[in-house]
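J.: File protein-v6.cif below, mmCIF, C-alpha atoms:
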```
data_upload
#
loop_
_atom_site.label_atom_id
_atom_site.label_comp_id
_atom_site.auth_asym_id
_atom_site.auth_seq_id
_atom_site.Cartn_x
_atom_site.Cartn_y
_atom_site.Cartn_z
CA MET A 1 0.00 0.00 0.00
CA GLY A 2 1.10 3.54 -0.68
CA ALA A 3 2.84 2.88 -4.01
CA THR A 4 2.89 6.61 -4.78
CA GLY A 5 4.23 7.63 -1.36
CA ALA A 6 7.86 8.17 -0.45
CA THR A 7 8.52 4.79 1.18
CA GLY A 8 6.01 2.74 -0.77
CA ASN A 9 7.34 3.99 -4.09
CA ALA A 10 10.92 3.35 -3.00
CA LEU A 11 9.96 -0.21 -2.05
CA LEU A 12 8.20 -0.74 -5.38
CA HIS A 13 11.41 0.11 -7.23
CA SER A 14 13.49 -2.07 -4.91
CA LEU A 15 11.20 -5.06 -5.55
CA LEU A 16 11.18 -4.44 -9.30
CA ALA A 17 14.98 -4.35 -9.27
CA LEU A 18 14.94 -7.77 -7.58
CA GLY A 19 12.48 -9.14 -10.13
CA ALA A 20 9.98 -9.90 -7.36
CA PRO A 21 6.27 -10.14 -8.19
CA VAL A 22 4.62 -7.02 -6.79
CA ARG A 23 1.20 -5.39 -6.82
CA ALA A 24 1.12 -1.61 -6.48
CA LEU A 25 -1.90 -0.33 -4.57
CA THR A 26 -3.02 3.26 -4.95
CA ARG A 27 -6.11 5.43 -4.62
CA THR A 28 -5.41 6.80 -8.12
CA PRO A 29 -4.81 3.73 -10.31
CA HIS A 30 -5.22 5.66 -13.56
CA THR A 31 -2.39 8.03 -12.68
CA PRO A 32 1.11 6.75 -13.63
CA ILE A 33 3.10 5.43 -10.69
CA PRO A 34 6.13 7.73 -10.20
CA GLY A 35 9.32 6.42 -11.75
CA THR A 36 7.79 3.47 -13.60
CA ALA A 37 7.82 4.94 -17.10
CA GLY A 38 10.05 2.86 -19.34
CA ILE A 39 10.36 -0.06 -16.94
CA ARG A 40 10.13 -3.30 -18.89
CA GLN A 41 8.69 -5.33 -16.05
CA SER A 42 4.94 -4.83 -15.94
CA VAL A 43 3.52 -3.44 -12.71
CA ASP A 44 0.18 -4.78 -11.47
CA VAL A 45 -1.56 -1.58 -10.36
CA ARG A 46 -4.78 -1.89 -8.35
CA TYR A 47 -7.17 0.54 -6.72
CA ALA A 48 -7.17 0.42 -2.92
CA ASP A 49 -8.41 2.94 -0.39
CA ALA A 50 -8.44 2.31 3.35
CA ASN A 51 -11.76 4.19 3.49
CA ASP A 52 -13.25 1.66 1.03
CA PRO A 53 -13.23 -1.84 2.58
CA HIS A 54 -14.50 -3.46 -0.61
CA SER A 55 -11.50 -2.13 -2.53
CA LEU A 56 -9.17 -3.70 0.04
CA HIS A 57 -10.86 -7.10 -0.17
CA THR A 58 -10.43 -6.99 -3.95
CA ALA A 59 -6.86 -5.66 -3.92
CA PHE A 60 -5.60 -8.19 -1.37
CA LYS A 61 -7.00 -11.24 -3.14
CA GLY A 62 -4.22 -13.71 -3.96
CA ALA A 63 -1.50 -11.76 -2.14
CA ASP A 64 0.89 -13.42 0.32
CA GLN A 65 2.43 -10.36 2.00
CA LEU A 66 1.47 -6.73 2.58
CA PHE A 67 3.59 -3.63 2.98
CA LEU A 68 1.60 -1.18 5.08
CA ALA A 69 2.67 2.46 4.89
CA MET A 70 0.08 5.17 5.28
CA ALA A 71 0.47 8.90 5.65
CA ASN A 72 0.33 10.07 9.25
CA SER A 73 -3.09 11.41 10.16
CA PRO A 74 -5.52 11.59 13.09
CA GLU A 75 -7.44 8.67 11.48
CA GLN A 76 -4.37 6.46 11.13
CA VAL A 77 -5.22 3.96 13.88
CA VAL A 78 -8.73 3.37 12.56
CA LEU A 79 -7.57 3.02 8.96
CA GLU A 80 -4.56 0.80 9.60
CA THR A 81 -6.40 -1.55 11.94
CA ARG A 82 -9.10 -1.90 9.27
CA VAL A 83 -6.45 -2.74 6.69
CA ILE A 84 -4.91 -5.33 9.02
CA ASP A 85 -8.26 -7.00 9.71
CA ILE A 86 -9.13 -7.23 6.02
CA ALA A 87 -5.63 -8.49 5.17
CA ALA A 88 -6.01 -11.23 7.78
CA HIS A 89 -9.40 -12.18 6.35
CA ALA A 90 -7.88 -12.29 2.85
CA GLY A 91 -5.26 -14.79 3.98
CA ILE A 92 -2.22 -12.53 3.86
CA GLY A 93 0.41 -14.20 6.01
CA HIS A 94 2.97 -11.45 6.62
CA ILE A 95 2.56 -7.71 7.11
CA VAL A 96 5.47 -5.28 7.08
CA LYS A 97 4.42 -2.08 8.82
CA ILE A 98 6.10 1.30 8.79
CA SER A 99 5.97 2.55 12.37
CA ALA A 100 7.81 5.18 14.42
CA PRO A 101 10.89 5.11 16.68
CA ALA A 102 8.98 6.26 19.77
CA ALA A 103 6.01 3.91 19.30
CA GLU A 104 5.11 3.62 22.98
CA PRO A 105 1.82 3.82 24.88
CA ASP A 106 2.98 6.89 26.81
CA SER A 107 5.01 8.55 24.05
CA PRO A 108 4.96 12.38 24.11
CA VAL A 109 4.35 12.20 20.35
CA ALA A 110 0.66 11.59 19.61
CA ILE A 111 1.28 9.96 16.21
CA SER A 112 3.75 7.57 17.83
CA ARG A 113 1.13 6.53 20.38
CA GLY A 114 -1.08 5.71 17.41
CA HIS A 115 1.63 3.58 15.81
CA HIS A 116 1.97 1.69 19.10
CA ALA A 117 -1.77 0.98 19.09
CA VAL A 118 -1.54 -0.42 15.56
CA GLU A 119 1.47 -2.56 16.50
CA GLU A 120 -0.51 -3.95 19.42
CA HIS A 121 -3.41 -4.75 17.09
CA LEU A 122 -1.05 -6.65 14.81
CA ARG A 123 0.19 -8.70 17.74
CA ALA A 124 -3.34 -9.41 18.91
CA ARG A 125 -4.33 -10.69 15.45
CA GLY A 126 -1.52 -13.25 15.62
CA LEU A 127 -0.28 -12.41 12.14
CA THR A 128 3.39 -12.72 11.29
CA HIS A 129 4.51 -9.12 11.15
CA THR A 130 7.67 -7.09 10.80
CA ILE A 131 7.95 -3.58 12.22
CA LEU A 132 10.17 -0.97 10.57
CA ARG A 133 10.82 2.11 12.69
CA PRO A 134 12.60 4.66 10.50
CA TYR A 135 13.64 8.04 11.81
CA ALA A 136 13.11 11.29 9.89
CA PHE A 137 12.99 10.96 6.11
CA MET A 138 15.67 12.92 4.25
CA GLN A 139 13.01 13.56 1.61
CA ASN A 140 11.10 15.69 4.14
CA LEU A 141 14.03 18.11 4.22
CA LEU A 142 12.97 19.24 0.74
CA ARG A 143 10.02 20.94 2.44
CA LEU A 144 12.50 23.40 3.96
CA ALA A 145 13.06 25.00 0.53
CA PRO A 146 10.65 27.96 1.06
CA THR A 147 12.40 29.11 4.26
CA VAL A 148 15.86 28.32 2.85
CA ALA A 149 14.98 30.76 0.06
CA GLU A 150 14.63 33.36 2.83
CA GLY A 151 17.97 32.31 4.34
CA VAL A 152 16.64 30.54 7.42
CA ILE A 153 15.67 27.17 8.87
CA LEU A 154 13.26 27.31 11.79
CA GLY A 155 13.15 24.85 14.68
CA THR A 156 12.71 24.35 18.39
CA ALA A 157 15.35 21.68 19.07
CA GLY A 158 18.44 23.85 19.33
CA ASP A 159 21.60 21.80 18.85
CA ALA A 160 19.87 18.44 19.40
CA PRO A 161 21.00 15.85 16.82
CA PHE A 162 18.45 14.20 14.53
CA ASN A 163 18.68 10.88 12.75
CA HIS A 164 17.74 11.08 9.08
CA ILE A 165 17.35 8.25 6.59
CA ASP A 166 16.83 8.22 2.83
CA CYS A 167 13.49 6.62 1.92
CA ARG A 168 15.30 4.57 -0.70
CA ASP A 169 17.19 2.81 2.08
CA ILE A 170 13.90 2.10 3.83
CA GLY A 171 12.62 0.63 0.57
CA ASP A 172 15.70 -1.56 0.24
CA VAL A 173 15.32 -2.81 3.82
CA ALA A 174 11.62 -3.53 3.31
CA ALA A 175 12.36 -5.41 0.09
CA THR A 176 14.97 -7.50 1.90
CA VAL A 177 12.54 -8.35 4.70
CA LEU A 178 9.81 -9.27 2.21
CA THR A 179 12.05 -11.52 0.12
CA ARG A 180 14.00 -13.25 2.92
CA PRO A 181 11.50 -15.19 5.04
CA HIS A 182 13.96 -15.71 7.90
CA MET A 183 13.89 -11.96 8.60
CA ALA A 184 10.15 -11.80 9.13
CA GLY A 185 8.95 -11.13 12.64
CA GLY A 186 11.57 -8.63 13.73
CA THR A 187 11.42 -5.01 14.82
CA TYR A 188 14.05 -2.84 13.12
CA SER A 189 15.08 0.72 13.97
CA LEU A 190 16.37 2.47 10.83
CA THR A 191 18.73 5.44 10.70
CA GLY A 192 21.22 7.01 8.36
CA PRO A 193 24.96 7.05 9.11
CA GLU A 194 24.95 10.18 11.30
CA ALA A 195 22.73 12.35 13.50
CA VAL A 196 22.79 16.01 12.48
CA SER A 197 21.37 19.09 14.22
CA HIS A 198 19.28 21.74 12.52
CA PRO A 199 22.04 24.38 12.79
CA GLU A 200 24.39 21.93 11.04
CA ILE A 201 21.81 21.20 8.33
CA ALA A 202 21.45 24.95 7.75
CA PHE A 203 25.24 25.27 7.47
CA ARG A 204 25.53 22.37 5.02
CA ILE A 205 22.74 23.64 2.79
CA GLY A 206 24.23 27.14 2.84
CA THR A 207 27.66 25.80 1.92
CA LEU A 208 26.12 23.76 -0.89
CA ILE A 209 24.23 26.64 -2.49
CA GLY A 210 26.84 29.30 -1.77
CA ARG A 211 24.84 31.63 0.44
CA GLN A 212 24.20 31.92 4.15
CA VAL A 213 21.41 29.87 5.68
CA ARG A 214 21.04 30.27 9.43
CA TYR A 215 19.09 28.36 12.03
CA VAL A 216 16.52 30.37 13.98
CA HIS A 217 15.48 28.90 17.32
CA LEU A 218 11.82 29.32 18.30
CA THR A 219 9.84 28.26 21.32
CA PRO A 220 7.54 25.28 20.72
CA ASP A 221 4.49 27.56 20.61
CA GLU A 222 6.22 29.93 18.17
CA LEU A 223 7.17 27.06 15.87
CA ARG A 224 3.67 25.60 15.99
CA ASP A 225 2.09 28.97 15.15
CA ASN A 226 4.55 29.49 12.29
CA LEU A 227 3.80 26.07 10.82
CA ILE A 228 0.07 26.71 10.95
CA HIS A 229 -0.03 30.30 9.74
CA HIS A 230 2.92 30.42 7.35
CA ALA A 231 3.50 26.82 6.23
CA HIS A 232 -0.29 26.26 6.24
CA MET A 233 -0.04 22.94 8.09
CA PRO A 234 -3.13 21.52 9.78
CA ALA A 235 -2.93 21.89 13.55
CA TRP A 236 -2.41 18.16 14.18
CA LEU A 237 0.61 18.09 11.84
CA ALA A 238 2.11 21.23 13.38
CA ASP A 239 1.70 19.55 16.76
CA HIS A 240 3.44 16.44 15.41
CA VAL A 241 6.45 18.33 14.07
CA THR A 242 6.80 20.27 17.32
CA GLU A 243 6.47 17.13 19.45
CA ILE A 244 9.14 15.30 17.44
CA GLN A 245 11.58 18.17 17.81
CA ARG A 246 11.01 18.42 21.57
CA LEU A 247 11.47 14.64 21.90
CA ALA A 248 14.89 14.91 20.25
CA VAL A 249 15.90 17.34 23.00
CA THR A 250 14.87 15.01 25.82
CA ARG A 251 16.05 11.84 24.04
CA PRO A 252 19.17 12.68 22.01
CA GLU A 253 19.26 10.64 18.81
CA ALA A 254 22.21 8.61 17.54
CA PRO A 255 22.62 6.40 14.47
CA ASP A 256 22.70 2.61 14.63
CA SER A 257 24.06 -0.08 12.30
CA THR A 258 20.77 -1.81 11.40
CA VAL A 259 20.65 -0.68 7.77
CA THR A 260 24.26 -1.74 7.20
CA ASP A 261 23.66 -5.06 8.96
CA ILE A 262 20.62 -5.84 6.78
CA LEU A 263 21.82 -4.53 3.42
CA GLY A 264 25.54 -5.24 3.70
CA ARG A 265 26.31 -1.64 2.75
CA PRO A 266 26.17 1.68 4.58
CA PRO A 267 23.05 3.84 4.28
CA ARG A 268 23.02 6.86 2.01
CA THR A 269 24.51 10.01 3.52
CA LEU A 270 22.83 13.33 4.16
CA ASP A 271 25.50 15.17 2.17
CA ALA A 272 24.91 12.95 -0.87
CA PHE A 273 21.17 13.52 -0.59
CA LEU A 274 21.57 17.31 -0.38
CA ARG A 275 23.91 17.35 -3.38
CA GLU A 276 21.45 15.28 -5.38
CA HIS A 277 18.67 17.78 -4.62
CA ARG A 278 20.69 20.98 -4.70
CA ALA A 279 18.39 22.53 -7.31
CA VAL A 280 15.45 22.36 -4.88
CA PHE A 281 17.25 24.66 -2.44
CA ASP A 282 19.20 26.82 -4.92
CA ARG A 283 16.39 29.05 -6.11
#
```
If you convert what's in this file into structure tokens, what do you get?

T.:
Amino acid sequence: MGATGATGNALLHSLLALGAPVRALTRTPHTPIPGTAGIRQSVDVRYADANDPHSLHTAFKGADQLFLAMANSPEQVVLETRVIDIAAHAGIGHIVKISAPAAEPDSPVAISRGHHAVEEHLRARGLTHTILRPYAFMQNLLRLAPTVAEGVILGTAGDAPFNHIDCRDIGDVAATVLTRPHMAGGTYSLTGPEAVSHPEIAFRIGTLIGRQVRYVHLTPDELRDNLIHHAHMPAWLADHVTEIQRLAVTRPEAPDSTVTDILGRPPRTLDAFLREHRAVFDR
């Protein structure tokens, strides 16, 4: 599920590269799946919407495994538990779920508490399941472009380090788990090779594009208000971003070796990602 999303699309390409049979599920089946133009291997694209149970019953028919990645939202627990129940009814034997690093019942991050509830539902269903807990997506850094154009990056975490991971590495890990049965059933924390603070990210982007980009520290309330009124985020998402940044202050993040252990190669670096997307910031 989520074949047009950042992680789902990355996984689709990883599975295609392995020659694995794969069905791409999307709410817009008549819109081309990103990055599939010119690929010789045919992609089985099906309509599926978590708000449409009938579409899930149809889309899951004949499938052995399910990759479950849905955009964070206030409805996530309801939607993902519905997907899990229908997948179980359809006979799917293994679900790989994208979760969150702080997926705990008392997490200070509301979305993470929701991921914990979904994980618990998976366990209660008795399905074989694998949990992937990636940290911040490098791809989300591209959303900083509007403020970078003004010479600033805003945050409320000060010098706290953040783990970042390229979604393509998440896709490669998910593909490995889905195609190597002995890896099913684990819980894997996924990071890039280094934890980097917002002031350091501002410095690296500024160095890359040849002009100063500075970090501006805000209080949590100031950041939340800015995200709502200037970035036009819904309140729940502004809360989520603020909560994640405050969590990094109270629980300093550090990289681990899981991606390297699984893939046999180091994860992609932040510097390589920024160079690849320089044009997004250099406007």

J.: For Ile111 of chain A, find every residue with an atom within 8 Å (counting only C-alpha atoms), except residues of its own chain fewer than 5 positions away, and show them as a list in words.

T.: Asn72, Ser73, Pro74 and His240 of chain A

J.: Using the chain letters and numbers from this file, what does the PyMOL selection byres ((chain A and resi 28) around 12) select? Give the answer as a ChimeraX atom specification.

T.: /A:1-5,24-27,29-34,45-49

J.: Atom CA of Ile153 of chain A and atom CA of Glu222 of chain A, how far apart in Å?

T.: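 Atom CA of Glu222 of chain A sits 13.5 Å away from atom CA of Ile153 of chain A.
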
J.: Using only C-alpha atoms, which of the listed residues (A:Thr81, A:Thr187, A:Thr242, A:Thr179) sits closest to Leu132 of chain A?

T.: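 Selected residue with least distance to Leu132 of chain A: A:Thr187.
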
J.: With distances taken over all atoms listed in the file, which of A:Ala160, A:Phe281, A:Gly210, A:Val173 is nearest to Val249 of chain A?

T.: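 Checking each candidate against Val249 of chain A, we get A:Ala160 as the closest.
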
J.: Translate the PyMOL selection byres ((chain A and resi 103) around 7), as applied to the file shown, into an explicit residue set as a VMD selection string.

T.: chain A and resid 100 to 102 104 to 105 107 112 to 113 115 to 116
